[in-house]
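For reference, final-v7.txt (compact mmCIF, C-alpha atoms and all ligand atoms):
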```txt
# COMPACT_ATOMS: atom_id res chain seq x y z
CA MET A 954 50.10 122.40 85.74
CA ARG A 955 51.66 118.97 85.73
CA LEU A 956 54.79 120.38 84.11
CA LEU A 957 55.00 123.08 86.77
CA LEU A 958 54.66 120.46 89.46
CA SER A 959 57.46 118.33 88.04
CA LEU A 960 59.64 121.42 87.74
CA VAL A 961 59.02 122.21 91.39
CA ILE A 962 59.94 118.62 92.27
CA LEU A 963 63.01 118.73 90.04
CA PHE A 964 64.42 121.96 91.43
CA GLY A 965 62.91 122.12 94.85
CA VAL A 966 63.90 118.79 96.32
CA GLY A 967 67.40 117.67 97.11
CA GLN A 968 69.03 120.57 95.27
CA GLN A 969 72.23 122.13 96.57
CA SER A 970 72.20 125.84 97.24
CA TRP A 971 73.78 128.21 94.72
CA ALA A 972 76.67 128.89 97.12
CA ASP A 973 77.31 125.17 97.69
CA LYS A 974 77.41 124.49 93.95
CA ASN A 975 79.97 127.23 93.42
CA LEU A 976 82.08 125.88 96.24
CA ASP A 977 81.93 122.42 94.64
CA LYS A 978 83.23 123.88 91.38
CA VAL A 979 86.08 125.68 93.16
CA ASP A 980 86.81 122.46 95.06
CA LYS A 981 87.13 120.42 91.84
CA LEU A 982 89.31 123.05 90.14
CA SER A 983 91.68 123.53 93.06
CA SER A 984 92.04 119.75 93.50
CA ALA A 985 92.86 119.42 89.79
CA LEU A 986 95.34 122.29 90.03
CA SER A 987 97.06 120.67 93.00
CA ASP A 988 97.60 117.61 90.77
CA SER A 989 99.02 119.69 87.89
CA VAL A 990 100.46 122.76 89.56
CA LYS A 991 102.00 124.17 86.39
CA SER A 992 98.77 124.18 84.36
CA LYS A 993 97.93 127.72 83.25
CA SER A 994 94.44 126.83 82.00
CA LEU A 995 93.45 125.36 85.39
CA TYR A 996 94.96 128.42 87.07
CA LEU A 997 92.82 130.70 84.87
CA SER A 998 89.66 128.60 85.45
CA LEU A 999 90.20 128.76 89.20
CA LEU A 1000 90.54 132.55 89.04
CA ASN A 1001 87.34 132.69 87.00
CA SER A 1002 85.43 130.53 89.49
CA SER A 1003 86.31 132.87 92.37
CA LYS A 1004 83.96 135.52 90.95
CA ALA A 1005 80.86 133.59 92.06
CA LEU A 1006 82.15 133.07 95.59
CA ASP A 1007 81.05 135.08 98.59
CA LYS A 1008 83.65 137.30 100.16
CA GLY A 1009 85.74 135.24 102.56
CA LYS A 1010 88.79 133.11 103.22
CA ILE A 1011 88.47 130.96 100.07
CA GLN A 1012 88.12 133.91 97.73
CA GLU A 1013 91.02 135.69 99.44
CA SER A 1014 93.23 132.60 98.96
CA ILE A 1015 92.36 132.44 95.25
CA TYR A 1016 93.18 136.16 94.79
CA VAL A 1017 96.57 135.54 96.43
CA LEU A 1018 97.10 132.55 94.11
CA GLY A 1019 96.11 134.88 91.26
CA VAL A 1020 99.03 137.19 92.03
CA LEU A 1021 101.56 134.44 92.69
CA GLY A 1022 100.47 132.38 89.67
CA ALA A 1023 100.67 135.47 87.45
CA ARG A 1024 104.31 135.85 88.47
CA LEU A 1025 104.99 132.18 87.63
CA HIS A 1026 103.13 132.33 84.31
CA LYS A 1027 104.57 135.80 83.52
CA ASP A 1028 101.02 137.09 83.12
CA LEU A 1029 101.28 140.83 83.77
CA GLY A 1030 97.55 141.42 83.12
CA ASN A 1031 96.36 139.12 85.90
CA TYR A 1032 99.20 140.29 88.15
CA LYS A 1033 97.77 143.80 88.01
CA ILE A 1034 94.12 142.67 88.28
CA TYR A 1035 94.60 140.41 91.32
CA THR A 1036 97.01 142.74 93.11
CA SER A 1037 94.37 145.45 92.96
CA LYS A 1038 91.52 143.02 93.88
CA LEU A 1039 93.48 141.97 96.97
CA LYS A 1040 94.23 145.55 97.93
CA LYS A 1041 90.60 146.57 97.50
CA ASN A 1042 88.83 143.58 99.12
CA TYR A 1043 91.38 142.22 101.57
CA PRO A 1044 93.66 145.14 102.49
CA LYS A 1045 94.84 143.45 105.69
CA SER A 1046 95.41 140.01 104.14
CA ILE A 1047 98.16 138.17 106.00
CA LEU A 1048 98.37 135.66 103.16
CA ALA A 1049 99.08 138.47 100.68
CA SER A 1050 102.00 139.65 102.80
CA GLU A 1051 103.68 136.33 102.01
CA LEU A 1052 103.97 137.46 98.40
CA SER A 1053 106.68 140.05 99.18
CA LEU A 1054 109.69 139.69 96.89
CA LYS A 1055 111.88 138.76 99.86
CA ASN A 1056 109.63 135.77 100.62
CA LEU A 1057 110.01 134.52 97.04
CA SER A 1058 113.77 135.00 96.95
CA ASP A 1059 116.97 133.50 98.21
CA ALA A 1060 120.27 135.18 99.09
CA CYS A 1061 122.03 136.87 96.13
CA LYS A 1062 124.79 134.60 94.87
CA LYS A 1063 126.97 137.53 93.85
CA CYS A 1064 127.04 139.35 97.20
CA ASP A 1065 125.89 136.43 99.40
CA GLY A 1066 123.31 138.70 101.01
CA SER A 1067 125.80 141.44 101.95
CA LYS A 1068 124.19 143.87 99.41
CA THR A 1069 127.58 145.14 98.18
CA SER A 1070 130.14 143.60 95.90
CA GLU A 1071 133.76 144.31 94.92
CA ARG A 1072 134.28 146.12 91.67
CA ASN A 1073 137.21 147.52 89.65
CA CYS A 1074 137.87 151.18 90.49
CA SER A 1075 136.65 153.42 87.69
CA LYS A 1076 139.20 156.17 88.47
CA CYS A 1077 142.28 154.01 88.09
CA LYS A 1078 140.56 151.33 85.95
CA GLY A 1079 141.57 148.71 88.44
CA THR A 1080 145.30 149.46 88.42
CA GLY A 1081 145.37 150.97 91.90
CA LYS A 1082 147.77 153.63 90.66
CA CYS A 1083 147.34 157.42 90.55
CA LYS A 1084 144.90 158.46 87.83
CA ASN A 1085 147.21 161.28 86.69
CA VAL A 1086 148.67 159.84 83.51
CA LYS A 1087 151.91 161.81 83.93
CA CYS A 1088 152.40 160.60 87.49
CA VAL A 1089 155.02 157.92 88.00
CA ASP A 1090 155.31 156.72 91.57
CA GLY A 1091 154.03 160.09 92.86
CA GLN A 1092 156.18 162.32 90.73
CA TYR A 1093 156.11 163.76 87.26
CA ASP A 1094 158.59 165.36 84.95
CA GLY A 1095 158.46 169.13 84.95
CA PHE A 1096 160.72 172.05 83.98
CA GLU A 1097 162.12 174.85 86.02
CA TYR A 1098 163.97 177.95 84.96
CA ILE A 1099 167.26 177.60 86.71
CA ASP A 1100 170.31 179.77 86.02
CA GLY A 1101 168.75 181.24 82.91
CA LYS A 1102 167.71 178.01 81.29
CA PHE A 1103 164.87 175.46 81.57
CA THR A 1104 165.97 172.39 83.40
CA SER A 1105 164.09 169.07 83.67
CA VAL A 1106 163.15 168.23 87.31
CA LYS A 1107 160.99 165.68 89.14
CA LYS A 1108 157.92 167.26 90.79
CA ASP A 1109 155.51 165.86 93.45
CA CYS A 1110 152.09 164.84 92.07
CA SER A 1111 149.30 166.79 93.80
CA THR A 1112 146.59 164.27 92.69
CA CYS A 1113 148.00 161.49 94.85
CA SER A 1114 149.92 163.68 97.30
CA ALA A 1115 153.11 162.09 95.93
CA SER A 1116 152.02 158.61 96.99
CA GLY A 1117 151.54 157.24 93.47
CA ILE A 1118 148.44 155.34 94.68
CA CYS A 1119 144.81 155.88 93.57
CA ASN A 1120 142.96 157.71 96.32
CA GLY A 1121 139.54 156.32 95.26
CA CYS A 1122 140.10 152.66 95.99
CA GLU A 1123 142.19 149.98 97.56
CA ALA A 1124 144.58 148.27 95.19
CA GLY A 1125 142.23 148.96 92.29
CA LYS A 1126 139.11 147.48 93.94
CA ARG A 1127 136.28 149.18 95.74
CA MET A 1128 132.95 148.01 97.31
CA ALA A 1129 129.79 149.18 95.59
CA LYS A 1130 126.04 148.41 95.60
CA CYS A 1131 125.65 144.86 94.24
CA THR A 1132 124.38 144.95 90.64
CA PRO A 1133 122.47 141.63 90.18
CA CYS A 1134 120.34 142.18 93.32
CA ARG A 1135 120.33 145.97 93.03
CA GLY A 1136 121.73 146.21 96.54
CA LYS A 1137 118.89 144.19 98.19
CA GLY A 1138 121.00 141.17 99.12
CA TYR A 1139 118.32 138.72 97.83
CA LYS A 1140 117.05 137.73 94.43
CA TYR A 1141 113.74 136.30 93.13
CA ASN A 1142 113.87 132.52 92.73
CA ALA A 1143 111.18 130.89 90.57
CA ARG A 1144 111.62 127.53 92.32
CA ILE A 1145 110.89 129.07 95.72
CA ALA A 1146 107.87 130.87 94.27
CA LEU A 1147 106.59 127.62 92.74
CA ALA A 1148 106.99 125.75 96.05
CA LYS A 1149 105.04 128.52 97.82
CA TYR A 1150 102.35 128.42 95.11
CA GLU A 1151 102.07 124.64 95.53
CA GLY A 1152 101.81 124.98 99.32
CA MET A 1153 99.08 127.61 99.01
CA ILE A 1154 97.03 125.36 96.69
CA THR A 1155 97.29 122.48 99.17
CA THR A 1156 96.10 124.78 101.97
CA LEU A 1157 93.25 126.03 99.77
CA VAL A 1158 92.06 122.46 99.08
CA ALA A 1159 92.07 121.72 102.83
CA ASP A 1160 90.30 125.01 103.64
CA ILE A 1161 87.56 124.24 101.11
CA GLN A 1162 86.93 120.87 102.81
CA THR A 1163 86.60 122.62 106.17
CA VAL A 1164 84.17 125.18 104.75
CA LYS A 1165 82.13 122.43 103.05
CA VAL A 1166 81.85 120.40 106.24
CA GLU A 1167 80.84 123.51 108.18
CA SER A 1168 78.33 124.53 105.50
CA GLU A 1169 76.81 121.04 105.48
CA LYS A 1170 76.51 121.23 109.25
CA GLN A 1171 74.85 124.65 109.09
CA GLY A 1172 72.43 123.32 106.46
CA LYS A 1173 71.42 120.45 108.73
CA LEU A 1174 71.02 122.77 111.71
CA ALA A 1175 68.86 125.05 109.57
CA LYS A 1176 66.63 122.07 108.78
CA GLY A 1177 66.21 121.57 112.51
CA LEU A 1178 68.41 118.48 112.73
CA VAL A 1179 70.32 117.84 115.92
CA GLU A 1180 73.80 116.30 116.20
CA VAL A 1181 74.37 113.65 118.83
CA ASP A 1182 77.71 111.80 118.98
CA GLY A 1183 78.46 112.58 115.32
CA ALA A 1184 75.09 111.41 113.95
CA TRP A 1185 72.21 113.63 112.84
CA TYR A 1186 68.60 113.21 113.94
CA THR A 1187 65.29 114.96 113.44
CA LYS A 1188 63.60 116.05 116.65
CA ASP A 1189 61.14 113.12 116.34
CA GLU A 1190 63.94 110.62 115.78
CA LEU A 1191 65.80 112.02 118.75
CA GLU A 1192 62.72 111.74 120.95
CA LEU A 1193 62.26 108.13 119.78
CA LYS A 1194 65.94 107.40 120.42
CA ARG A 1195 65.66 108.83 123.95
CA LYS A 1196 62.53 106.79 124.65
CA LYS A 1197 64.21 103.62 123.39
CA GLU A 1198 67.23 104.28 125.58
CA GLU A 1199 65.01 104.95 128.57
CA LEU A 1200 63.10 101.71 127.92
CA ALA A 1201 66.34 99.78 127.57
CA ARG A 1202 67.54 101.25 130.87
CA ASP A 1203 64.27 100.26 132.53
CA PHE A 1204 64.55 96.72 131.17
CA ALA A 1205 68.12 96.44 132.33
CA GLU A 1206 67.12 97.59 135.81
CA LYS A 1207 64.21 95.15 135.90
CA ASP A 1208 66.42 92.31 134.66
CA ALA A 1209 68.89 93.04 137.42
CA GLU A 1210 66.10 93.17 139.98
CA LEU A 1211 64.73 89.85 138.70
CA ALA A 1212 68.17 88.28 138.83
CA ARG A 1213 68.55 89.45 142.43
CA LYS A 1214 65.15 87.97 143.30
CA LEU A 1215 65.92 84.68 141.56
CA ALA A 1216 69.19 84.42 143.46
CA ALA A 1217 67.34 85.06 146.73
CA VAL A 1218 64.71 82.41 145.89
CA LYS A 1219 67.43 79.94 145.00
CA SER A 1220 69.27 80.51 148.23
CA LEU A 1221 66.01 80.18 150.23
CA GLU A 1222 65.26 76.90 148.42
CA GLU A 1223 68.73 75.61 149.29
CA GLU A 1224 68.22 76.59 152.91
CA GLY A 1225 64.96 74.53 152.95
CA LEU A 1226 66.60 71.48 151.33
CA ASN A 1227 69.46 71.61 153.86
CA LEU A 1228 66.98 71.86 156.72
CA LEU A 1229 64.97 68.92 155.38
CA ALA A 1230 68.13 66.81 154.98
CA ALA A 1231 69.20 67.67 158.53
CA VAL A 1232 65.78 66.70 159.99
CA GLU A 1233 65.73 63.39 158.06
CA ALA A 1234 69.25 62.51 159.16
CA THR A 1235 68.64 63.06 162.83
CA THR A 1236 67.53 60.40 165.32
CA ALA A 1237 64.08 60.51 166.95
CA ASP A 1238 65.32 61.62 170.38
CA LYS A 1239 66.93 64.72 168.81
CA SER A 1240 64.07 65.67 166.47
CA GLU A 1241 62.44 68.13 168.87
CA GLN A 1242 65.14 70.73 168.43
CA PHE A 1243 64.06 71.30 164.76
CA ILE A 1244 60.48 72.39 165.55
CA VAL A 1245 61.09 76.14 165.85
CA GLU A 1246 63.51 76.16 162.96
CA ILE A 1247 61.00 74.49 160.61
CA GLU A 1248 58.15 76.78 161.78
CA VAL A 1249 60.23 79.88 161.06
CA TYR A 1250 61.27 78.56 157.66
CA LEU A 1251 57.70 77.70 156.57
CA LYS A 1252 56.60 81.27 157.35
CA LYS A 1253 59.54 82.67 155.45
CA ASN A 1254 59.11 80.52 152.31
CA PRO A 1255 55.57 79.41 151.46
CA TYR A 1256 56.80 78.45 147.96
CA PHE A 1257 59.34 75.78 149.02
CA SER A 1258 59.36 72.98 146.44
CA LYS A 1259 59.20 70.22 149.12
CA ILE A 1260 56.82 71.98 151.42
CA GLU A 1261 54.61 68.90 152.03
CA LYS A 1262 57.58 66.83 153.08
CA LEU A 1263 58.78 69.58 155.40
CA ARG A 1264 55.31 69.94 156.93
CA SER A 1265 55.16 66.21 157.64
CA SER A 1266 58.66 66.42 159.14
CA LEU A 1267 57.31 69.16 161.42
CA SER A 1268 54.39 66.91 162.44
CA TYR A 1269 56.88 64.12 163.18
CA CYS A 1270 59.02 66.37 165.37
CA ARG A 1271 55.93 67.61 167.25
CA LEU A 1272 54.70 64.00 167.84
CA ILE A 1273 58.10 63.05 169.25
CA ARG A 1274 57.95 66.10 171.57
CA ASP A 1275 54.40 65.23 172.67
CA GLY A 1276 55.32 61.57 173.22
CA GLN A 1277 58.24 62.63 175.40
CA LYS A 1278 55.90 64.86 177.48
CA TYR A 1279 53.50 61.93 178.05
CA GLU A 1280 56.42 59.76 179.10
CA VAL A 1281 57.53 62.38 181.65
CA LYS A 1282 53.97 62.61 183.04
CA GLY A 1283 53.83 58.79 183.16
CA SER A 1284 50.96 58.53 180.62
CA VAL A 1285 52.48 55.52 178.93
CA ASP A 1286 49.45 54.64 176.78
CA ASP A 1287 49.20 58.19 175.41
CA ALA A 1288 52.91 58.10 174.70
CA ILE A 1289 52.55 54.81 172.83
CA VAL A 1290 49.67 56.15 170.67
CA THR A 1291 51.65 59.29 169.88
CA TYR A 1292 54.90 57.48 169.04
CA LYS A 1293 53.01 55.08 166.75
CA LYS A 1294 51.63 58.03 164.80
CA ALA A 1295 55.18 59.34 164.49
CA LEU A 1296 56.43 55.99 163.27
CA GLN A 1297 53.85 56.05 160.48
CA ILE A 1298 55.47 59.25 159.20
CA LYS A 1299 59.06 58.06 159.42
CA GLY A 1300 60.55 54.64 160.20
CA ASP A 1301 63.12 54.79 163.02
CA GLN A 1302 64.78 51.78 164.72
CA GLN A 1303 65.47 53.72 167.92
CA LEU A 1304 61.78 54.67 168.15
CA SER A 1305 60.63 51.08 167.38
CA ARG A 1306 62.77 49.77 170.24
CA LYS A 1307 61.37 52.44 172.60
CA LEU A 1308 57.82 51.44 171.62
CA LYS A 1309 58.51 47.75 172.44
CA LYS A 1310 59.76 48.76 175.93
CA LEU A 1311 56.76 51.03 176.54
CA GLY A 1312 54.41 48.25 175.36
CA LYS A 1313 55.85 45.89 177.98
CA ARG A 1314 55.55 48.61 180.66
CA SER A 1315 51.88 49.25 179.86
CA ILE A 1316 50.91 45.60 180.51
CA GLY A 1317 52.99 45.53 183.68
CA LEU A 1318 55.84 43.36 182.46
ZN ZN B 1401 123.77 140.96 95.41
ZN ZN B 1402 141.46 153.44 91.92
ZN ZN B 1403 149.96 160.93 91.28
```
Do you think you could lay out the structure here as structure tokens?
Ligand SMILES: [Zn+2]
Ligand SMILES: [Zn+2]
Ligand SMILES: [Zn+2]
Amino acid sequence: MRLLLSLVILFGVGQQSWADKNLDKVDKLSSALSDSVKSKSLYLSLLNSSKALDKGKIQESIYVLGVLGARLHKDLGNYKIYTSKLKKNYPKSILASELSLKNLSDACKKCDGSKTSERNCSKCKGTGKCKNVKCVDGQYDGFEYIDGKFTSVKKDCSTCSASGICNGCEAGKRMAKCTPCRGKGYKYNARIALAKYEGMITTLVADIQTVKVESEKQGKLAKGLVEVDGAWYTKDELELKRKKEELARDFAEKDAELARKLAAVKSLEEEGLNLLAAVEATTADKSEQFIVEIEVYLKKNPYFSKIEKLRSSLSYCRLIRDGQKYEVKGSVDDAIVTYKKALQIKGDQQLSRKLKKLGKRSIGL
């Protein structure tokens, strides 16, 4: 039982899937092959590893490499096997179409791609002269029976119509299908084939990486993970992340609100200090004008740091106003009492002088 449990743990947790393991093997082999392109053993191992792969782009690429590599390694057996595998499994393979002889060739050096080349005429063996061996400059020696005896005469050659020139060529040369390229104009070049092979291996290595990344992604999605900005989260982690972000946003908003409030409090405090300074700097006769201003401010800011001082300033201003009213009505004694109270709050030379005058008036001086 315990053994079974450990086996389950050993194979069940953190194991790659069968398909992923095969892809890893193919990845290692193709990377190694790209480092030593000419290795036949790596080439054969890569072909072997393709058997375990699912049908798809990677397997198709390896089959194509199978054909091209067979040409480079002169391995007729694998050439036949992988040509038929490609035909059977990937009949419309675009990659396979790159294996055409023309794509692995360069222009024929003999005919420079023109498909024909100059050759000695076989009729005249390159001489350019009439092929009739008896013909000399279009004529040959013959005999005619003239006046009862055979006489030697020159006769026109019918082979060359008396021209003396070979009618199958031009000056002994004629154009014919090029021999080295068999009239194709191009010829297989192993260096070009090797470069193509190398390029295909590089592409294969890159394709495997893409497939691996995609497969990893699919695996994570299958496990229910979610991708956000390139990082993977479980649903719970994502929920937690969202809550944290929400909380952070809330805090930021509250901080901003608090900062706004603090700024407002600060400015209100400054307003109060300025008002207090203005009241203290003014002379007694002009104090009355601050009454309304101080009343309004005290309602607006019950938390002013020097509220007691401002309240006593208000009392002072009110006493001055009341004293002035008594003066107008002629109640000199009341005015004196009131002004004295004011003087207890704040010393003022102007007010002291006024009090002396009023004192004299009250005793009739
Ligand atoms: Zn040629
Ligand atoms: Zn000729
Ligand atoms: Zn002739």
Using all atoms listed in the file, tabulate the residues of chain A lying at most 6 Å from any atom of ligand ZN 1403 (chain B), each with its closest atom pair and that distance in Å to one decimal, by chain and increasing residue number, as a Markdown table.
```
| residue | atom | partner | partner_atom | distance |
| --- | --- | --- | --- | --- |
| A:Cys1083 | CA | B:ZN1403 | ZN | 4.4 |
| A:Asn1085 | CA | B:ZN1403 | ZN | 5.4 |
| A:Cys1088 | CA | B:ZN1403 | ZN | 4.5 |
| A:Gly1091 | CA | B:ZN1403 | ZN | 4.4 |
| A:Cys1110 | CA | B:ZN1403 | ZN | 4.5 |
| A:Thr1112 | CA | B:ZN1403 | ZN | 4.9 |
| A:Cys1113 | CA | B:ZN1403 | ZN | 4.1 |
| A:Ala1115 | CA | B:ZN1403 | ZN | 5.7 |
| A:Gly1117 | CA | B:ZN1403 | ZN | 4.6 |
```
Practice prompt. May I ask you to write as a list of chain:residue names all residues lying at most 9 Å from ligand ZN 1402 (chain B), with only C-alpha atoms and all ligand atoms counted?
Written response: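 Listed by chain and ascending number, the contacts are A:Asn1073, A:Cys1074, A:Ser1075, A:Lys1076, A:Cys1077, A:Lys1078, A:Gly1079, A:Thr1080, A:Gly1081, A:Lys1082, A:Cys1083, A:Lys1084, A:Ile1118, A:Cys1119, A:Asn1120, A:Gly1121, A:Cys1122, A:Glu1123, A:Ala1124, A:Gly1125, A:Lys1126, A:Arg1127.
Counting only C-alpha atoms and all ligand atoms and comparing A:Lys1176, A:Lys1068, A:Lys1165, A:Lys1010, the residue that lies closest to ligand ZN 1401 (chain B) is A:Lys1068.
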Discussion item. Neighbours of ligand ZN 1401 (chain B) at 7 Å or closer, counting all atoms listed in the file: which residues, as a list in words?
Written reply: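 With all atoms listed in the file and a cut-off of 7 Å, ligand ZN 1401 (chain B) is contacted by Cys1061, Lys1062, Lys1063, Cys1064, Asp1065, Gly1066, Ser1067, Lys1068, Thr1069, Ser1070, Cys1131, Thr1132, Pro1133, Cys1134, Arg1135, Gly1136, Lys1137, Gly1138 and Tyr1139 of chain A.
Minimum atom-to-atom distances from A:Ala1237, A:Leu1174, A:Leu1251, A:Leu999 to Tyr1292 in chain A were compared using only C-alpha atoms, and the lowest value belongs to A:Ala1237.
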Go ahead and fit an axis-aligned box to every listed atom of range 1160-1176 of chain A plus 5 Å each side, and pass me the centre and edge lengths in Å, one decimal, as lines of an AutoDock Vina configuration file.
```
center_x = 78.5
center_y = 122.8
center_z = 106.4
size_x = 33.7
size_y = 14.8
size_z = 20.6
```
Item to complete: For CA of Ala1005 in chain A and CA of Asp1160 in chain A, quote the distance in Å rounded to one decimal.
Response: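 So the two atoms, CA of Ala1005 in chain A and CA of Asp1160 in chain A, lie 17.2 Å apart.
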Worksheet item: What gap, in Å, lies between CA of Gly1312 in chain A and CA of Arg1264 in chain A?
Response: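 Between CA of Gly1312 in chain A and CA of Arg1264 in chain A the gap works out to 28.5 Å.
Interatomic distance, CA of Gln1277 in chain A to CA of Gln1242 in chain A: 12.7 Å.
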